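Participant: Data file data_17.cif (mmCIF, C-alpha atoms) is appended below.
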```
data_input
#
loop_
_atom_site.label_atom_id
_atom_site.label_comp_id
_atom_site.auth_asym_id
_atom_site.auth_seq_id
_atom_site.Cartn_x
_atom_site.Cartn_y
_atom_site.Cartn_z
CA MET A 1 -144.72 -6.62 -65.17
CA GLY A 2 -142.86 -3.81 -66.93
CA ASN A 3 -143.88 -0.18 -66.46
CA TRP A 4 -145.15 -0.04 -70.05
CA GLU A 5 -147.59 -2.89 -69.30
CA LYS A 6 -149.08 -1.13 -66.27
CA SER A 7 -150.36 1.71 -68.43
CA LEU A 8 -152.17 -0.53 -70.91
CA LYS A 9 -155.93 -1.10 -70.91
CA SER A 10 -156.83 -4.65 -69.95
CA VAL A 11 -159.96 -6.03 -71.63
CA GLU A 12 -161.67 -9.38 -71.70
CA PRO A 13 -161.98 -10.25 -75.41
CA TYR A 14 -164.89 -11.82 -77.22
CA VAL A 15 -164.59 -15.61 -77.42
CA PRO A 16 -165.76 -17.01 -80.78
CA GLY A 17 -166.87 -20.58 -81.37
CA GLU A 18 -164.20 -23.24 -81.81
CA GLN A 19 -162.73 -23.70 -85.28
CA PRO A 20 -161.76 -27.40 -85.27
CA SER A 21 -160.10 -29.04 -88.26
CA PHE A 22 -161.07 -32.71 -88.09
CA THR A 23 -161.84 -34.22 -91.47
CA ASP A 24 -164.83 -36.17 -90.11
CA MET A 25 -166.35 -33.39 -88.04
CA ILE A 26 -169.86 -31.95 -88.10
CA LYS A 27 -169.51 -28.24 -87.34
CA LEU A 28 -172.69 -26.76 -85.91
CA ASN A 29 -171.23 -24.17 -83.54
CA THR A 30 -170.73 -20.90 -85.45
CA ASN A 31 -174.00 -20.48 -87.41
CA GLU A 32 -172.33 -20.72 -90.81
CA ASN A 33 -174.42 -21.58 -93.86
CA PRO A 34 -173.98 -25.23 -94.95
CA TYR A 35 -174.43 -24.33 -98.62
CA PRO A 36 -172.03 -22.49 -100.97
CA PRO A 37 -172.49 -18.87 -102.09
CA ALA A 38 -174.39 -18.03 -105.26
CA PRO A 39 -172.84 -19.69 -108.36
CA GLY A 40 -171.97 -16.31 -109.84
CA VAL A 41 -169.48 -15.74 -107.01
CA LYS A 42 -167.49 -18.85 -107.96
CA LYS A 43 -167.53 -17.80 -111.63
CA LEU A 44 -166.32 -14.30 -110.74
CA LEU A 45 -163.42 -15.65 -108.68
CA ARG A 46 -162.34 -17.92 -111.54
CA GLU A 47 -162.34 -15.08 -114.06
CA ILE A 48 -161.14 -12.13 -111.99
CA ASP A 49 -158.29 -9.99 -113.32
CA THR A 50 -155.75 -10.17 -110.49
CA ASP A 51 -154.01 -7.04 -111.79
CA MET A 52 -156.72 -5.01 -110.05
CA LEU A 53 -155.48 -6.27 -106.68
CA ARG A 54 -152.40 -4.07 -106.86
CA ARG A 55 -154.61 -1.01 -106.49
CA TYR A 56 -156.50 0.16 -103.42
CA PRO A 57 -160.23 -0.61 -103.36
CA LYS A 58 -162.75 2.21 -103.58
CA VAL A 59 -163.06 3.94 -100.23
CA ASP A 60 -166.88 3.94 -100.34
CA SER A 61 -167.17 0.32 -101.62
CA GLU A 62 -169.34 1.88 -104.32
CA GLU A 63 -170.26 -1.20 -106.35
CA LEU A 64 -171.37 -3.15 -103.29
CA ALA A 65 -173.07 -0.23 -101.57
CA LYS A 66 -175.07 0.60 -104.71
CA GLY A 67 -176.04 -3.06 -105.09
CA LEU A 68 -177.29 -3.08 -101.50
CA ALA A 69 -179.21 0.14 -102.03
CA GLU A 70 -180.98 -1.39 -105.03
CA GLU A 71 -181.64 -4.69 -103.23
CA TYR A 72 -183.24 -3.01 -100.22
CA GLY A 73 -184.98 -0.16 -102.01
CA THR A 74 -183.01 2.70 -100.54
CA ASP A 75 -180.45 5.31 -101.52
CA PHE A 76 -176.69 4.80 -101.78
CA ARG A 77 -176.25 7.47 -99.07
CA ASN A 78 -178.20 5.28 -96.62
CA VAL A 79 -175.69 2.40 -96.79
CA PHE A 80 -172.53 1.76 -94.79
CA VAL A 81 -170.32 -1.24 -95.65
CA GLY A 82 -167.83 -2.89 -93.31
CA VAL A 83 -165.70 -5.98 -92.74
CA GLY A 84 -168.45 -8.21 -91.42
CA SER A 85 -171.26 -6.95 -89.22
CA ASP A 86 -168.86 -7.00 -86.26
CA ASP A 87 -166.85 -4.22 -87.90
CA VAL A 88 -170.05 -2.31 -88.64
CA LEU A 89 -171.32 -2.70 -85.08
CA GLY A 90 -167.94 -1.82 -83.58
CA THR A 91 -167.85 1.35 -85.69
CA ALA A 92 -171.39 2.20 -84.60
CA PHE A 93 -170.50 1.80 -80.92
CA LEU A 94 -167.48 4.04 -81.38
CA THR A 95 -169.46 6.61 -83.38
CA PHE A 96 -172.66 6.90 -81.37
CA PHE A 97 -171.94 5.71 -77.84
CA LYS A 98 -168.38 6.64 -76.85
CA GLY A 99 -168.26 9.53 -74.41
CA LYS A 100 -171.83 9.02 -73.19
CA LYS A 101 -172.37 9.62 -69.46
CA VAL A 102 -175.57 7.57 -69.17
CA PRO A 103 -175.46 3.83 -69.92
CA ILE A 104 -176.44 2.25 -73.20
CA LEU A 105 -178.96 -0.60 -72.94
CA PHE A 106 -179.02 -4.12 -74.36
CA PRO A 107 -180.51 -7.37 -72.97
CA ASP A 108 -178.81 -9.56 -70.38
CA VAL A 109 -178.93 -12.53 -72.77
CA THR A 110 -177.80 -11.47 -76.23
CA TYR A 111 -174.79 -11.30 -78.54
CA SER A 112 -171.77 -11.41 -76.22
CA PHE A 113 -169.72 -8.96 -78.31
CA TYR A 114 -171.85 -6.00 -77.14
CA PRO A 115 -170.33 -5.79 -73.63
CA VAL A 116 -166.85 -6.30 -75.13
CA TRP A 117 -167.16 -3.21 -77.34
CA ALA A 118 -168.67 -1.25 -74.46
CA ARG A 119 -165.73 -2.04 -72.18
CA LEU A 120 -163.18 -1.46 -74.94
CA TYR A 121 -164.53 2.03 -75.64
CA ASP A 122 -165.30 2.87 -71.97
CA ILE A 123 -169.03 3.03 -72.64
CA PRO A 124 -171.24 2.56 -69.57
CA PHE A 125 -173.94 -0.06 -70.10
CA GLU A 126 -176.85 -1.79 -68.41
CA THR A 127 -178.44 -5.11 -69.36
CA PRO A 128 -182.20 -5.26 -68.69
CA ALA A 129 -183.26 -8.86 -68.14
CA LEU A 130 -185.28 -10.74 -70.72
CA ASP A 131 -188.43 -12.23 -69.19
CA GLU A 132 -188.76 -15.88 -68.15
CA ASN A 133 -189.49 -16.82 -71.78
CA PHE A 134 -186.43 -14.91 -73.06
CA ARG A 135 -188.59 -12.15 -74.55
CA LEU A 136 -187.83 -8.43 -74.49
CA VAL A 137 -189.52 -6.33 -71.82
CA LYS A 138 -189.97 -3.17 -73.87
CA GLU A 139 -190.78 -1.01 -70.86
CA ASP A 140 -187.22 -1.55 -69.58
CA TYR A 141 -186.02 0.64 -72.46
CA TYR A 142 -188.18 3.66 -71.62
CA LYS A 143 -185.67 5.18 -69.20
CA PRO A 144 -182.89 7.69 -70.03
CA ASN A 145 -179.99 6.03 -71.84
CA GLY A 146 -177.03 6.66 -74.12
CA GLY A 147 -178.30 4.30 -76.82
CA VAL A 148 -180.11 0.99 -77.38
CA VAL A 149 -178.93 -2.20 -79.09
CA ILE A 150 -181.36 -5.00 -79.93
CA ALA A 151 -180.46 -8.21 -81.78
CA ASN A 152 -183.60 -9.35 -83.60
CA PRO A 153 -183.80 -12.31 -83.97
CA ASN A 154 -181.82 -12.53 -80.77
CA ALA A 155 -178.68 -14.60 -80.32
CA PRO A 156 -178.24 -17.05 -78.75
CA THR A 157 -181.96 -17.52 -78.02
CA SER A 158 -183.13 -17.51 -81.69
CA ILE A 159 -186.31 -15.63 -80.72
CA ALA A 160 -187.63 -12.78 -82.87
CA GLU A 161 -189.74 -9.87 -81.65
CA PRO A 162 -192.39 -8.29 -83.91
CA VAL A 163 -191.33 -5.01 -85.46
CA SER A 164 -194.07 -3.29 -83.42
CA VAL A 165 -192.01 -3.95 -80.27
CA ILE A 166 -188.91 -2.49 -81.89
CA GLU A 167 -190.84 0.58 -83.05
CA ASP A 168 -192.26 1.10 -79.58
CA ILE A 169 -188.73 1.19 -78.17
CA VAL A 170 -187.67 3.63 -80.92
CA LYS A 171 -190.61 5.92 -80.16
CA HIS A 172 -189.61 6.06 -76.50
CA ASN A 173 -186.01 6.93 -77.39
CA PRO A 174 -186.08 9.91 -79.77
CA ASP A 175 -182.79 11.23 -78.37
CA SER A 176 -180.83 7.96 -78.64
CA VAL A 177 -179.51 5.94 -81.55
CA VAL A 178 -181.29 2.57 -81.68
CA ILE A 179 -179.29 -0.21 -83.36
CA VAL A 180 -181.20 -3.25 -84.61
CA ASP A 181 -178.84 -6.15 -85.30
CA GLU A 182 -180.54 -8.32 -87.95
CA ALA A 183 -177.85 -10.92 -88.60
CA TYR A 184 -180.47 -13.71 -88.73
CA VAL A 185 -183.58 -11.91 -89.95
CA ASP A 186 -183.68 -13.65 -93.36
CA PHE A 187 -184.55 -16.96 -91.67
CA GLY A 188 -187.89 -15.81 -90.30
CA GLY A 189 -187.72 -12.50 -88.43
CA GLU A 190 -189.58 -9.28 -89.22
CA THR A 191 -187.21 -6.60 -90.45
CA ALA A 192 -187.02 -3.08 -89.02
CA LEU A 193 -185.84 -1.60 -92.33
CA GLY A 194 -189.22 0.10 -92.72
CA LEU A 195 -188.43 2.18 -89.63
CA VAL A 196 -185.38 3.77 -91.23
CA GLY A 197 -187.51 6.08 -93.37
CA LYS A 198 -189.69 7.06 -90.39
CA TYR A 199 -187.01 7.70 -87.77
CA ASP A 200 -183.58 9.21 -88.36
CA ASN A 201 -182.09 7.52 -85.25
CA VAL A 202 -182.56 3.87 -86.35
CA LEU A 203 -179.62 1.87 -87.70
CA VAL A 204 -180.28 -1.64 -89.09
CA VAL A 205 -177.22 -3.89 -89.31
CA ARG A 206 -176.99 -7.00 -91.52
CA THR A 207 -174.35 -9.54 -92.59
CA PHE A 208 -173.46 -11.76 -95.56
CA SER A 209 -172.09 -14.43 -93.19
CA LYS A 210 -175.34 -16.30 -92.53
CA SER A 211 -178.04 -16.30 -95.19
CA ARG A 212 -175.65 -15.41 -98.03
CA SER A 213 -173.00 -18.08 -97.24
CA MET A 214 -170.03 -15.69 -97.27
CA ALA A 215 -168.62 -15.71 -93.73
CA GLY A 216 -165.12 -16.13 -95.15
CA LEU A 217 -165.24 -12.86 -97.10
CA ARG A 218 -166.33 -10.74 -94.10
CA ILE A 219 -169.07 -8.51 -95.46
CA GLY A 220 -171.43 -6.54 -93.26
CA PHE A 221 -173.53 -3.45 -93.82
CA ALA A 222 -175.83 -0.99 -92.13
CA ILE A 223 -178.81 0.93 -93.45
CA GLY A 224 -179.80 4.16 -91.73
CA SER A 225 -180.49 7.82 -92.33
CA PRO A 226 -177.87 9.69 -94.40
CA LYS A 227 -176.95 11.56 -91.20
CA LEU A 228 -176.13 8.38 -89.27
CA ILE A 229 -174.19 6.92 -92.21
CA ALA A 230 -172.17 10.14 -92.65
CA PHE A 231 -171.14 10.10 -88.99
CA MET A 232 -170.06 6.44 -89.20
CA THR A 233 -168.14 7.05 -92.42
CA ALA A 234 -166.26 9.94 -90.84
CA ILE A 235 -165.21 7.76 -87.89
CA LYS A 236 -164.17 4.92 -90.20
CA ASN A 237 -162.03 7.30 -92.24
CA CYS A 238 -160.26 8.41 -89.06
CA TYR A 239 -158.60 5.02 -88.65
CA ASN A 240 -158.83 3.09 -91.93
CA SER A 241 -160.39 4.36 -95.16
CA TYR A 242 -159.80 1.07 -97.01
CA THR A 243 -161.62 -1.37 -94.76
CA MET A 244 -163.33 -3.46 -97.44
CA ASN A 245 -161.08 -5.39 -99.84
CA THR A 246 -161.66 -5.54 -103.60
CA LEU A 247 -162.60 -9.23 -103.72
CA SER A 248 -165.22 -8.82 -101.03
CA ILE A 249 -166.72 -5.79 -102.78
CA LEU A 250 -167.00 -7.59 -106.13
CA CYS A 251 -168.19 -10.92 -104.71
CA GLY A 252 -170.74 -9.22 -102.47
CA ALA A 253 -172.17 -7.26 -105.39
CA GLU A 254 -172.31 -10.42 -107.52
CA CYS A 255 -174.02 -12.39 -104.76
CA LEU A 256 -176.89 -9.87 -104.60
CA LYS A 257 -177.78 -10.48 -108.24
CA ASP A 258 -179.01 -14.06 -107.73
CA ARG A 259 -182.20 -13.63 -105.70
CA ALA A 260 -183.58 -17.04 -106.71
CA TYR A 261 -180.55 -18.88 -105.33
CA PHE A 262 -180.69 -16.81 -102.13
CA LYS A 263 -184.33 -17.74 -101.53
CA GLU A 264 -183.69 -21.39 -102.32
CA SER A 265 -180.79 -21.57 -99.85
CA VAL A 266 -182.75 -19.88 -97.05
CA ASP A 267 -185.80 -22.10 -97.67
CA ARG A 268 -183.66 -25.24 -97.44
CA ILE A 269 -182.31 -24.18 -94.07
CA VAL A 270 -185.76 -23.27 -92.74
CA ASN A 271 -187.15 -26.66 -93.85
CA THR A 272 -184.26 -28.50 -92.22
CA ARG A 273 -184.71 -26.41 -89.07
CA GLU A 274 -188.33 -27.52 -88.69
CA LYS A 275 -187.44 -31.19 -89.15
CA ALA A 276 -184.58 -30.86 -86.66
CA VAL A 277 -186.90 -29.36 -84.05
CA LYS A 278 -189.17 -32.42 -84.26
CA GLY A 279 -186.19 -34.76 -84.00
CA LEU A 280 -184.84 -33.01 -80.92
CA GLU A 281 -188.23 -32.85 -79.22
CA GLU A 282 -188.63 -36.60 -79.71
CA LEU A 283 -185.37 -37.01 -77.79
CA GLY A 284 -186.65 -35.02 -74.81
CA PHE A 285 -185.38 -31.53 -75.70
CA LYS A 286 -187.28 -28.31 -75.25
CA VAL A 287 -186.48 -26.11 -78.26
CA LEU A 288 -187.27 -22.39 -78.28
CA ASP A 289 -189.21 -21.03 -81.27
CA SER A 290 -186.49 -20.19 -83.78
CA SER A 291 -186.48 -17.46 -86.41
CA ALA A 292 -182.78 -17.99 -87.10
CA ASN A 293 -180.48 -20.57 -88.67
CA PHE A 294 -179.85 -22.17 -85.29
CA LEU A 295 -181.76 -23.76 -82.43
CA PHE A 296 -181.55 -23.09 -78.70
CA ALA A 297 -182.38 -26.25 -76.79
CA THR A 298 -182.31 -27.72 -73.31
CA HIS A 299 -182.85 -31.35 -72.32
CA LYS A 300 -185.39 -32.37 -69.69
CA SER A 301 -182.95 -34.52 -67.70
CA VAL A 302 -179.37 -34.40 -69.03
CA LYS A 303 -177.19 -31.34 -68.45
CA ALA A 304 -176.17 -29.30 -71.49
CA ARG A 305 -172.48 -29.32 -70.57
CA GLU A 306 -172.46 -33.12 -70.45
CA ILE A 307 -174.15 -33.40 -73.85
CA PHE A 308 -171.79 -30.78 -75.29
CA ASN A 309 -168.69 -32.68 -74.14
CA LYS A 310 -169.96 -36.06 -75.35
CA LEU A 311 -170.84 -34.63 -78.77
CA LYS A 312 -167.37 -33.13 -78.95
CA GLU A 313 -165.85 -36.57 -78.38
CA LYS A 314 -167.73 -37.65 -81.50
CA HIS A 315 -166.38 -34.62 -83.44
CA ILE A 316 -169.81 -32.98 -83.47
CA PHE A 317 -169.44 -29.35 -82.42
CA VAL A 318 -172.27 -27.25 -81.03
CA ARG A 319 -172.06 -24.11 -78.84
CA TYR A 320 -172.26 -24.09 -75.05
CA PHE A 321 -172.34 -20.92 -72.94
CA ALA A 322 -171.32 -21.20 -69.27
CA LYS A 323 -173.33 -18.11 -68.39
CA PRO A 324 -176.17 -17.34 -65.98
CA ARG A 325 -179.67 -18.27 -67.19
CA ILE A 326 -178.43 -20.13 -70.30
CA ASP A 327 -175.86 -22.59 -68.90
CA ASN A 328 -178.21 -25.52 -69.47
CA TYR A 329 -178.87 -24.73 -73.14
CA LEU A 330 -177.08 -25.69 -76.33
CA ARG A 331 -177.01 -23.50 -79.44
CA ILE A 332 -177.12 -25.74 -82.49
CA THR A 333 -176.52 -24.41 -86.01
CA VAL A 334 -178.84 -25.82 -88.65
CA GLY A 335 -176.69 -27.81 -91.06
CA THR A 336 -177.72 -30.02 -93.96
CA ASP A 337 -180.41 -32.68 -93.54
CA ALA A 338 -177.69 -35.32 -93.38
CA GLU A 339 -175.75 -33.45 -90.70
CA MET A 340 -178.83 -32.94 -88.53
CA GLU A 341 -179.76 -36.62 -88.87
CA LYS A 342 -176.25 -37.59 -87.70
CA LEU A 343 -176.56 -35.16 -84.81
CA CYS A 344 -179.85 -36.72 -83.71
CA ALA A 345 -178.41 -40.23 -84.03
CA ALA A 346 -175.44 -39.22 -81.85
CA LEU A 347 -177.76 -37.60 -79.30
CA LYS A 348 -179.91 -40.71 -79.17
CA GLU A 349 -176.80 -42.74 -78.35
CA ILE A 350 -175.60 -40.24 -75.73
CA LEU A 351 -179.00 -40.02 -74.04
CA GLY A 352 -179.35 -43.79 -73.95
#
```
When written as structure tokens, how does the structure in this file appear?
Facilitator:
Amino acid sequence: MGNWEKSLKSVEPYVPGEQPSFTDMIKLNTNENPYPPAPGVKKLLREIDTDMLRRYPKVDSEELAKGLAEEYGTDFRNVFVGVGSDDVLGTAFLTFFKGKKVPILFPDVTYSFYPVWARLYDIPFETPALDENFRLVKEDYYKPNGGVVIANPNAPTSIAEPVSVIEDIVKHNPDSVVIVDEAYVDFGGETALGLVGKYDNVLVVRTFSKSRSMAGLRIGFAIGSPKLIAFMTAIKNCYNSYTMNTLSILCGAECLKDRAYFKESVDRIVNTREKAVKGLEELGFKVLDSSANFLFATHKSVKAREIFNKLKEKHIFVRYFAKPRIDNYLRITVGTDAEMEKLCAALKEILG
């Protein structure tokens, strides 16, 4: 090891789901939407004037931010736009938590990027345990802390808490920023957006990657008090003012216009989810109540790792986490009806 290497910070990076490239695969491991974006997005991309790409995008992503403000009934000053919700969350960690002496709090079973950002930015953290049913224990968040992060619905468990639980945590933390990560809320959770107007320390983070079928364009956003958004914007402008590219801004704004298509797409996934739950239960799985576009399931007699590997041999990809408390569960993205039927047929064969 050279001397220059010894001075570098060593971090354990986030590990995303596999991105296989088999032509015959069924990909149910990264919670992508199985349906295309709103038709207007395709039309826009066909007709776009590429001459605009030689210029920098607007620093404030104005067209998209104003579209989001209109969609969610808020003011333009309450919106922050980033390159996927991961960029938004990473900026929030850097803005509100770096330099804190007391630990930030998030559950022991949740989105595995949270501890990665905390270690990257030298933020102390604690992970209060979810209860035996993978539900939040709200009283664990009453103690002094440097901030709170709650994914709701949670990942990978798919469970959603009522907004009353989130508000109770907010009320007990008036001196901390409380981040509510709502990546999956459109599939059945109860949003905390109503808390933004009541409390100036609540930041709600959303993404276009799930319910809006645009994971490939990397669009995320946050809604919070103008104060919170101003602080995040200042930090963003310290390292990259032009985070959001022109195509993403235009396509995101266009996507918001078609509310009917959005509802139809979400409804299709929810309907498929309910049918898939019945199919899995008939095969001996216990499936947690899902408010997301994925299922979290464990089999009564066959180990999750074994099922995961045998599905992989059939080019069916689901997500397996070799982590305490959840190492006998599989996270299964809800695909099309046809994909979920093929999954169940493969599982039936594997389980004998």
Participant: Looking at A:Glu274, A:Gly352, A:Ala338, A:Phe221, which one is nearest to Ile307 of chain A, with distances taken over only C-alpha atoms?
Facilitator: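 Among the listed residues, the smallest separation from Ile307 of chain A belongs to A:Gly352.
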Participant: Run the PyMOL selection byres ((chain A and resi 76) around 12) on the file and write out the hits as a list of chain:residue names.
Facilitator: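 Applying the PyMOL selection byres ((chain A and resi 76) around 12) to the structure shown produces A:Asp60, A:Ser61, A:Glu62, A:Glu63, A:Leu64, A:Ala65, A:Lys66, A:Gly67, A:Leu68, A:Ala69, A:Glu70, A:Glu71, A:Tyr72, A:Gly73, A:Thr74, A:Asp75, A:Arg77, A:Asn78, A:Val79, A:Phe80, A:Val81, A:Phe221, A:Ala222, A:Ile223, A:Gly224, A:Ser225, A:Pro226, A:Ile229, A:Ala230.
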Participant: Can you pull out every residue within 10 Å of Phe321 of chain A, counting only C-alpha atoms, but drop anything in the same chain fewer than 5 positions away, and send it as a compact mmCIF listing (two decimals) with C-alpha atoms, keeping the file's coordinate frame?
Facilitator:
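And here's out36.txt as it stands now:
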```
# COMPACT_ATOMS: atom_id res chain seq x y z
CA PRO A 156 -178.24 -17.05 -78.75
CA ALA A 304 -176.17 -29.30 -71.49
CA ARG A 305 -172.48 -29.32 -70.57
CA ILE A 326 -178.43 -20.13 -70.30
CA ASP A 327 -175.86 -22.59 -68.90
CA ASN A 328 -178.21 -25.52 -69.47
CA TYR A 329 -178.87 -24.73 -73.14
CA LEU A 330 -177.08 -25.69 -76.33
CA ARG A 331 -177.01 -23.50 -79.44
```
Participant: Using all atoms listed in the file, can you tell me which of A:Ala38, A:Met340, A:Val287, A:Ala345 comes closest to Phe262 of chain A?
Facilitator: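 Of A:Ala38, A:Met340, A:Val287, A:Ala345, the one nearest Phe262 of chain A is A:Ala38, counting all atoms listed in the file.
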Participant: Could you tell me, as a list of chain:residue names, exactly which residues end up selected when the PyMOL selection byres ((chain A and resi 265-268) around 8) is applied to this structure?
Facilitator: A:Tyr35, A:Asp186, A:Phe187, A:Ser211, A:Tyr261, A:Phe262, A:Lys263, A:Glu264, A:Ile269, A:Val270, A:Asn271, A:Thr272
Participant: To verify the selection step, state as a list in words which residues the PyMOL selection byres ((chain A and resi 208) around 8) yields on this input.
Facilitator: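 Checking the PyMOL selection byres ((chain A and resi 208) around 8) against this file, the residues are Gly84, Arg206, Thr207, Ser209, Lys210, Ser211, Arg212, Ser213, Met214, Ala215, Arg218, Ile219, Gly220 and Gly252 of chain A.
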Participant: Excluding segment 113-118 of chain A and residues on its chain fewer than 4 positions from it, collect all residues at most 9 Å away from it, counting all atoms listed in the file, and give them as a VMD selection string.
Facilitator: chain A and resid 11 to 15 86 89 to 90 93 to 94 97 to 98 104 106 122 to 125 149
Participant: If you keep C-alpha atoms, can you produce a file of those selected residues as a CSV table (one decimal), in the frame of the given file?
Facilitator:
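Below is the file selection.csv, written as the result:
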```
chain,number,residue,atom,x,y,z
A,11,VAL,CA,-160.0,-6.0,-71.6
A,12,GLU,CA,-161.7,-9.4,-71.7
A,13,PRO,CA,-162.0,-10.2,-75.4
A,14,TYR,CA,-164.9,-11.8,-77.2
A,15,VAL,CA,-164.6,-15.6,-77.4
A,86,ASP,CA,-168.9,-7.0,-86.3
A,89,LEU,CA,-171.3,-2.7,-85.1
A,90,GLY,CA,-167.9,-1.8,-83.6
A,93,PHE,CA,-170.5,1.8,-80.9
A,94,LEU,CA,-167.5,4.0,-81.4
A,97,PHE,CA,-171.9,5.7,-77.8
A,98,LYS,CA,-168.4,6.6,-76.8
A,104,ILE,CA,-176.4,2.2,-73.2
A,106,PHE,CA,-179.0,-4.1,-74.4
A,122,ASP,CA,-165.3,2.9,-72.0
A,123,ILE,CA,-169.0,3.0,-72.6
A,124,PRO,CA,-171.2,2.6,-69.6
A,125,PHE,CA,-173.9,-0.1,-70.1
A,149,VAL,CA,-178.9,-2.2,-79.1
```
Participant: Expressed in Å to a single decimal, how great is the separation between atom CA of Lys257 of chain A and atom CA of Asp87 of chain A?
Facilitator: 23.9 Å
Participant: At what distance in Å, to one decimal, does atom CA of Asn154 of chain A lie from atom CA of Lys300 of chain A?
Facilitator: 23.0 Å
Participant: Mind giving me the straight-line distance from atom CA of Asn201 of chain A to atom CA of Ser248 of chain A in Å, one decimal?
Facilitator: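 That distance, rounded to one decimal, is 28.3 Å.
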Participant: Would you list the residues near (-184.2, -29.3, -70.9) (no more than 6 Å away, in the coordinates of the file, using all atoms listed in the file) as a PyMOL selection string?
Facilitator: chain A and resi 285-286+298-300
Participant: For C-alpha atoms, I'd like the residues from the last selection saved as a short mmCIF file (atom, residue, chain, number, x, y, z; two decimals), in the frame of the given file.
Facilitator:
```cif
data_model
loop_
_atom_site.label_atom_id
_atom_site.label_comp_id
_atom_site.auth_asym_id
_atom_site.auth_seq_id
_atom_site.Cartn_x
_atom_site.Cartn_y
_atom_site.Cartn_z
CA PHE A 285 -185.38 -31.53 -75.70
CA LYS A 286 -187.28 -28.31 -75.25
CA THR A 298 -182.31 -27.72 -73.31
CA HIS A 299 -182.85 -31.35 -72.32
CA LYS A 300 -185.39 -32.37 -69.69
#
```
Participant: Could you produce a table of the residues of segment 127-147 of chain A lying within 10 Å of segment 170-175 of chain A, with the nearest pair of atoms per residue and their separation in Å rounded to one decimal, using only C-alpha atoms, ordered by chain and increasing residue number, as a tab-separated table?
Facilitator:
```
residue	atom	partner	partner_atom	distance
A:Lys138	CA	A:His172	CA	9.6
A:Glu139	CA	A:His172	CA	9.1
A:Tyr141	CA	A:His172	CA	7.7
A:Tyr142	CA	A:His172	CA	5.6
A:Lys143	CA	A:His172	CA	8.3
A:Pro144	CA	A:Asn173	CA	8.0
A:Asn145	CA	A:Asn173	CA	8.2
A:Gly146	CA	A:Asp175	CA	8.5
A:Gly147	CA	A:Asn173	CA	8.2
```
Participant: Fewer than 2 positions away in the same chain doesn't count, so skip those; otherwise give me all residues within 12 Å of Val185 of chain A, counting only C-alpha atoms, as a PyMOL selection string.
Facilitator: chain A and resi 151-155+158-163+180-183+187-193+204-208+210-212+266+270+290-294
Participant: Print the selection's residues with C-alpha atoms to a file, as a compact mmCIF listing (two decimals), in the coordinates of the input.
Facilitator:
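Contents of part_17.txt, as written:
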```
# COMPACT_ATOMS: atom_id res chain seq x y z
CA ALA A 151 -180.46 -8.21 -81.78
CA ASN A 152 -183.60 -9.35 -83.60
CA PRO A 153 -183.80 -12.31 -83.97
CA ASN A 154 -181.82 -12.53 -80.77
CA ALA A 155 -178.68 -14.60 -80.32
CA SER A 158 -183.13 -17.51 -81.69
CA ILE A 159 -186.31 -15.63 -80.72
CA ALA A 160 -187.63 -12.78 -82.87
CA GLU A 161 -189.74 -9.87 -81.65
CA PRO A 162 -192.39 -8.29 -83.91
CA VAL A 163 -191.33 -5.01 -85.46
CA VAL A 180 -181.20 -3.25 -84.61
CA ASP A 181 -178.84 -6.15 -85.30
CA GLU A 182 -180.54 -8.32 -87.95
CA ALA A 183 -177.85 -10.92 -88.60
CA PHE A 187 -184.55 -16.96 -91.67
CA GLY A 188 -187.89 -15.81 -90.30
CA GLY A 189 -187.72 -12.50 -88.43
CA GLU A 190 -189.58 -9.28 -89.22
CA THR A 191 -187.21 -6.60 -90.45
CA ALA A 192 -187.02 -3.08 -89.02
CA LEU A 193 -185.84 -1.60 -92.33
CA VAL A 204 -180.28 -1.64 -89.09
CA VAL A 205 -177.22 -3.89 -89.31
CA ARG A 206 -176.99 -7.00 -91.52
CA THR A 207 -174.35 -9.54 -92.59
CA PHE A 208 -173.46 -11.76 -95.56
CA LYS A 210 -175.34 -16.30 -92.53
CA SER A 211 -178.04 -16.30 -95.19
CA ARG A 212 -175.65 -15.41 -98.03
CA VAL A 266 -182.75 -19.88 -97.05
CA VAL A 270 -185.76 -23.27 -92.74
CA SER A 290 -186.49 -20.19 -83.78
CA SER A 291 -186.48 -17.46 -86.41
CA ALA A 292 -182.78 -17.99 -87.10
CA ASN A 293 -180.48 -20.57 -88.67
CA PHE A 294 -179.85 -22.17 -85.29
```
Participant: Need the shell around segment 43-54 of chain A: protein/DNA/RNA residues with any atom at most 12 Å away, counting all atoms listed in the file. Skip same-chain ones fewer than 3 positions apart. Format as a list in words?
Facilitator: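 Everything that qualifies: Pro37, Ala38, Pro39, Gly40, Pro57, Lys58, Asn245, Thr246, Leu247, Ser248, Ile249, Leu250, Cys251, Gly252, Ala253, Glu254 and Cys255 of chain A.
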Participant: Considering all atoms listed in the file, can you say which of A:Asp24, A:Leu136, A:Ile235, A:Arg55 comes closest to Ile169 of chain A?
Facilitator: A:Leu136
Participant: Check the smallest atom-to-atom distance from each of A:Val178, A:Ala234, A:Leu195, A:Leu311 to Ile350 of chain A using all atoms listed in the file, then report the winner.
Facilitator: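 Checking each of A:Val178, A:Ala234, A:Leu195, A:Leu311 against Ile350 of chain A, counting all atoms listed in the file, the winner is A:Leu311.
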